[in-house]
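Q: Dumping the structure here so I can ask a few things about it.
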Amino acid sequence: MFGWLFAVSASAAVTPPTYELTRFGEIKPAGWMLVQMQADLDNGLAGHYTEISDTVNEHEFVVQQADQTDPTGEPGWWLGEHEGYYADGLFRLAWMAGDASLKATAIARMQEVLDAQDASGYIGVYPLAKRFSTGDPNDGELWTQSRMFQALLAWYEATGDSKILTAVEKAAKTTLNAFTTRSYFDRPGLTLGGGVSHGLGFSDTLEWLYRITGDDTFRNGYLWLYQDYAGSNVNENDIFPAYLADPNRLWYTHTPHIAESLSVPEIAYAYSGTSSYAQAADEVLDKLQRHSNPGGGPVGDESVSGHLGAFGLMSEYCSMTETIASLNRLAQYRDTMATGDISERIALNAAQGARLHTAATAVSYLTSDNRLSATQTQQYFDRPLYSASHQAAACCSLNSARLLPYYVEGMWLKETARAGLVARLYGPSTLDTIVGGTSVDIVEATDFPSSDTIQFTVNPAAPLDFVLTLRIPAYAGNATVTANGKTVTRYADHFEVSGQWHSGDTATLDLAFGVHTIKDSSGETAMAYGPLLYALPVDALTIPGRIT
């Protein structure tokens with residue numbers, strides 16, 4: 001496999017996205033979402049993780065030792081992954097919740113990462129002699145970088161501080177340049193180690209940098225990354241274009257790997273026009289829904305293993321978070337409303353059931369919709385337990401801090417071809433953005449999902465013509481919109497409310513919840529009301545196992 005400069009044409013056609021994510025920080029939660037975020041920071045594991053587990057206390061991006069060994073005896077990558085998750089979750093939660101103290105803590109953590117960047121531009125966890133390896137079958141270079149870069153780019157968008165963007169651009173180019181004449185994924189033998197396959201997650205960084213800068217280095221790097229992965233011998237291969245394009249082929253491998261990369265085929269197609277990527281992208285949502293449990297969680301007790309969604313199957317918290325993040329990126333290009341339905345079901349059902357309330361002092365690594373116990377089992381070790389930091393791996397606990405912020409990130413999209421805003425996910429919140437050069441803030445007042453009524457109050461800085469698009473969820477076939485003085489047009493999966501907006505104008509969406517049934521792959525049936533599955537209370541005895 002040749003390197004990316006030799007494999008990708010810089011003149012390949014680019015299809016611009018129909019929508020774009022808003023800048024991080026433009027959407028702020030309110031109501032129950034804000035309360036939950038504040039609780040997680042004040043009393044939950046998100047705000048206290050350094051006291052709970054040392055997996056984020058080694059400062060691997062500073063000391064660059066990657067000193068947790070993997071099964072081959074080579075330097076490992078878990079601590080770098082965990083530190084990226086921690087920085088990303090803590091910063092997003094603290095910024096959205098307005099917690100000045102923890103925001104400063106998160107920024108200090110990220111600032112030390114920037115301060116450790118050397119003259120070459122490298123930001124990562126590996127010492128000089130181990131960087132950009134092609135021999136370690138469980139290398140985690142691209143993956144660990146990508147997790148920290150998600151935190152750094154959120155920090156940049158929230159503050160507009162150009163030094164952050166400059167540092168991440170330089171670091172990403174340094175990494176790409178290390179593979180101009182060689183493969184990252186194609187290593188001796190079958191690469192079973194998850195770290196290498198996780199490297200496809202570096203696409204998150206490249207997409208975001210290309211969206212911000214328009215620099216073709218990142219677009220071409222994205223195409224190299226997918227091409228290199230697809231031509232390699234990695235075990236985690238369900239995102240191979242040829243495998244995805246086969247509608248009859250099931251998913252088998254590690255669920256988080258799949259979840260992280262759901263948007264890759266579509267974005268690679270938009271960047272290149274390559275037909276095989278389009279064929280792969282056509283199957284992504286069908287397969288995701290086939291392999292998702294009724295509560296929304298993707299099937300997987302680590303791996304999918306060909307199982308179709310069912311009430312009794314496990315779902316991993318990491319997969320829930322990464323699916324929502326991936327669908328945010330995918331929604332910019334296609335399946336905008338359908339991806340909203342999926343993210344909503346995960347966030348409001350499976351993810352809520354997998355955490356203790358009101359503050360997530362502990363989460364369940366693996367959880368099922370039909371659940372009568374949360375105890376340690378020989379089959380799953382401690383994964384079904386509610387824990388602040390699972391001994392098997394801390395990833396799911398840390399990802400619990402990221403899930404709701406990524407749901408909020410995907411609530412609104414901006415149209416790219418006309419003046420328009422899309423309300424893709426619902427919940428109490430505010431949006432403060434720019435449309436057609438005019439500042440607009442929108443207050444979304446609702447108790448959703450406890451209520452089926454959502455009122456949008458639009459406050460442009462000056463009278464403004466634009467289109468407000470409101471998603472119609474699959475369960476809301478009788479939904480209506482009231483917006484005096486505006487033209488309301490209904491489509492199969494959304495309303496468009498158009499006209500000139502003045503400060504204080506409102507649009508009210510009535511989703512007209514009703515009771516309906518949801519079936520799993522075996523035909524077992526549950527009842528739902530709006531987006532929420534009904535659940536019966538289960539008598540239980542809480543037995544603390546480990547207290548730290």
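Identifiers in this document derive from the order of the structure tokens: chains are assigned A, B, ..., residues are numbered from 1 separately in each chain, and ligands are numbered from 1 in order of occurrence.
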Could you give me, as number ranges by chain, each residue of segment 295-491 of chain A that DSSP assigns to helix (DSSP H, G or I) when run on this structure's backbone?
A: A: 317-330, 336-353, 395-409
Q: Would you list the contacts of Asp88 of chain A as a PyMOL selection string, taking every protein, DNA or RNA residue within 12 Å and counting only C-alpha atoms, but skipping same-chain residues closer than 4 positions in sequence?
A: chain A and resi 46+81-84+92-95+103+105-107+109-110+146-155+398-403+405-406
Q: Residues at most 9 Å from Leu79 of chain A, counting only C-alpha atoms, excluding those fewer than 5 positions away in the same chain, as a ChimeraX atom specification?
A: /A:55-60,66-68,84,125,144
Q: Could the residues in this selection be written to a file with all heavy atoms, as a compact mmCIF listing (two decimals), in the first residue's frame?
A:
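Done, and the output landed in again.txt:
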```txt
# COMPACT_ATOMS: atom_id res chain seq x y z
N THR A 55 -6.30 6.26 35.87
CA THR A 55 -6.14 6.09 34.43
C THR A 55 -6.02 7.42 33.70
O THR A 55 -5.57 7.46 32.55
CB THR A 55 -7.31 5.30 33.81
OG1 THR A 55 -8.52 6.02 34.00
CG2 THR A 55 -7.43 3.92 34.44
N VAL A 56 -6.42 8.52 34.36
CA VAL A 56 -6.28 9.83 33.72
C VAL A 56 -5.25 10.70 34.44
O VAL A 56 -5.12 11.88 34.13
CB VAL A 56 -7.64 10.58 33.67
CG1 VAL A 56 -8.64 9.78 32.84
CG2 VAL A 56 -8.19 10.83 35.06
N ASN A 57 -4.50 10.11 35.35
CA ASN A 57 -3.58 10.91 36.17
C ASN A 57 -2.11 10.76 35.79
O ASN A 57 -1.24 11.33 36.45
CB ASN A 57 -3.74 10.52 37.65
CG ASN A 57 -5.07 10.97 38.22
OD1 ASN A 57 -5.68 11.91 37.72
ND2 ASN A 57 -5.54 10.30 39.27
N GLU A 58 -1.83 10.00 34.72
CA GLU A 58 -0.43 9.79 34.34
C GLU A 58 0.10 10.88 33.41
O GLU A 58 1.30 10.95 33.16
CB GLU A 58 -0.27 8.42 33.68
CG GLU A 58 -0.67 7.25 34.57
CD GLU A 58 0.13 7.20 35.85
OE1 GLU A 58 1.35 7.46 35.81
OE2 GLU A 58 -0.48 6.90 36.91
N HIS A 59 -0.80 11.69 32.85
CA HIS A 59 -0.41 12.80 31.97
C HIS A 59 0.47 12.30 30.82
O HIS A 59 1.55 12.82 30.56
CB HIS A 59 0.27 13.92 32.76
CG HIS A 59 -0.59 14.51 33.83
ND1 HIS A 59 -1.41 15.59 33.61
CD2 HIS A 59 -0.82 14.14 35.11
CE1 HIS A 59 -2.08 15.88 34.72
NE2 HIS A 59 -1.74 15.01 35.65
N GLU A 60 -0.05 11.29 30.12
CA GLU A 60 0.71 10.65 29.06
C GLU A 60 1.03 11.60 27.90
O GLU A 60 2.03 11.42 27.21
CB GLU A 60 -0.04 9.43 28.54
CG GLU A 60 0.05 8.22 29.45
CD GLU A 60 1.46 7.65 29.50
OE1 GLU A 60 2.03 7.37 28.43
OE2 GLU A 60 1.98 7.50 30.61
N ALA A 66 3.74 6.30 27.27
CA ALA A 66 2.83 5.21 26.90
C ALA A 66 3.24 3.92 27.61
O ALA A 66 3.51 2.90 27.00
CB ALA A 66 2.82 5.01 25.38
N ASP A 67 3.28 3.98 28.94
CA ASP A 67 3.94 2.92 29.70
C ASP A 67 3.02 1.80 30.17
O ASP A 67 3.44 0.96 30.96
CB ASP A 67 4.66 3.53 30.91
CG ASP A 67 3.73 4.34 31.81
OD1 ASP A 67 2.52 4.40 31.51
OD2 ASP A 67 4.22 4.93 32.79
N GLN A 68 1.78 1.77 29.71
CA GLN A 68 0.94 0.60 29.98
C GLN A 68 1.17 -0.38 28.85
O GLN A 68 0.88 -0.11 27.69
CB GLN A 68 -0.54 0.98 30.05
CG GLN A 68 -1.44 -0.23 30.24
CD GLN A 68 -2.90 0.15 30.29
OE1 GLN A 68 -3.26 1.17 30.85
NE2 GLN A 68 -3.75 -0.66 29.67
N GLY A 84 -7.82 11.49 26.72
CA GLY A 84 -8.57 12.23 25.71
C GLY A 84 -10.05 12.27 26.03
O GLY A 84 -10.70 13.32 25.94
N VAL A 125 1.27 10.44 22.77
CA VAL A 125 1.65 9.77 24.02
C VAL A 125 2.92 8.93 23.89
O VAL A 125 3.37 8.36 24.88
CB VAL A 125 0.50 8.87 24.52
CG1 VAL A 125 -0.74 9.70 24.80
CG2 VAL A 125 0.19 7.74 23.54
N THR A 144 -5.19 7.70 19.90
CA THR A 144 -5.00 8.54 21.08
C THR A 144 -4.94 10.01 20.69
O THR A 144 -5.50 10.87 21.37
CB THR A 144 -3.73 8.14 21.84
OG1 THR A 144 -2.63 8.06 20.94
CG2 THR A 144 -3.92 6.79 22.52
```
Q: Quick one: everything within 8 Å of segment 112-120 of chain A, counting only C-alpha atoms, minus sequence neighbours fewer than 5 positions away in the same chain. Send it as a PDB file with N, CA, C and O atoms, in the first residue's frame.
A:
```pdb
ATOM      1  N   PHE A  61       0.170  12.582  27.654  1.00  0.00           N
ATOM      2  CA  PHE A  61       0.446  13.523  26.571  1.00  0.00           C
ATOM      3  C   PHE A  61       1.558  14.499  26.941  1.00  0.00           C
ATOM      4  O   PHE A  61       2.023  15.249  26.081  1.00  0.00           O
ATOM      5  N   VAL A  62       1.978  14.491  28.192  1.00  0.00           N
ATOM      6  CA  VAL A  62       3.087  15.332  28.643  1.00  0.00           C
ATOM      7  C   VAL A  62       4.370  14.509  28.778  1.00  0.00           C
ATOM      8  O   VAL A  62       5.405  14.852  28.208  1.00  0.00           O
ATOM      9  N   ILE A 164      -4.684  27.453  19.415  1.00  0.00           N
ATOM     10  CA  ILE A 164      -5.123  26.069  19.577  1.00  0.00           C
ATOM     11  C   ILE A 164      -5.272  25.414  18.214  1.00  0.00           C
ATOM     12  O   ILE A 164      -4.779  24.307  17.969  1.00  0.00           O
ATOM     13  N   ALA A 167      -1.924  24.741  16.561  1.00  0.00           N
ATOM     14  CA  ALA A 167      -1.233  23.593  17.143  1.00  0.00           C
ATOM     15  C   ALA A 167      -1.804  22.277  16.626  1.00  0.00           C
ATOM     16  O   ALA A 167      -1.052  21.353  16.286  1.00  0.00           O
ATOM     17  N   THR A 174       1.839  16.722  10.833  1.00  0.00           N
ATOM     18  CA  THR A 174       3.012  15.940  11.201  1.00  0.00           C
ATOM     19  C   THR A 174       2.696  14.454  11.140  1.00  0.00           C
ATOM     20  O   THR A 174       3.492  13.648  10.627  1.00  0.00           O
TER      21      THR A 174
END
```
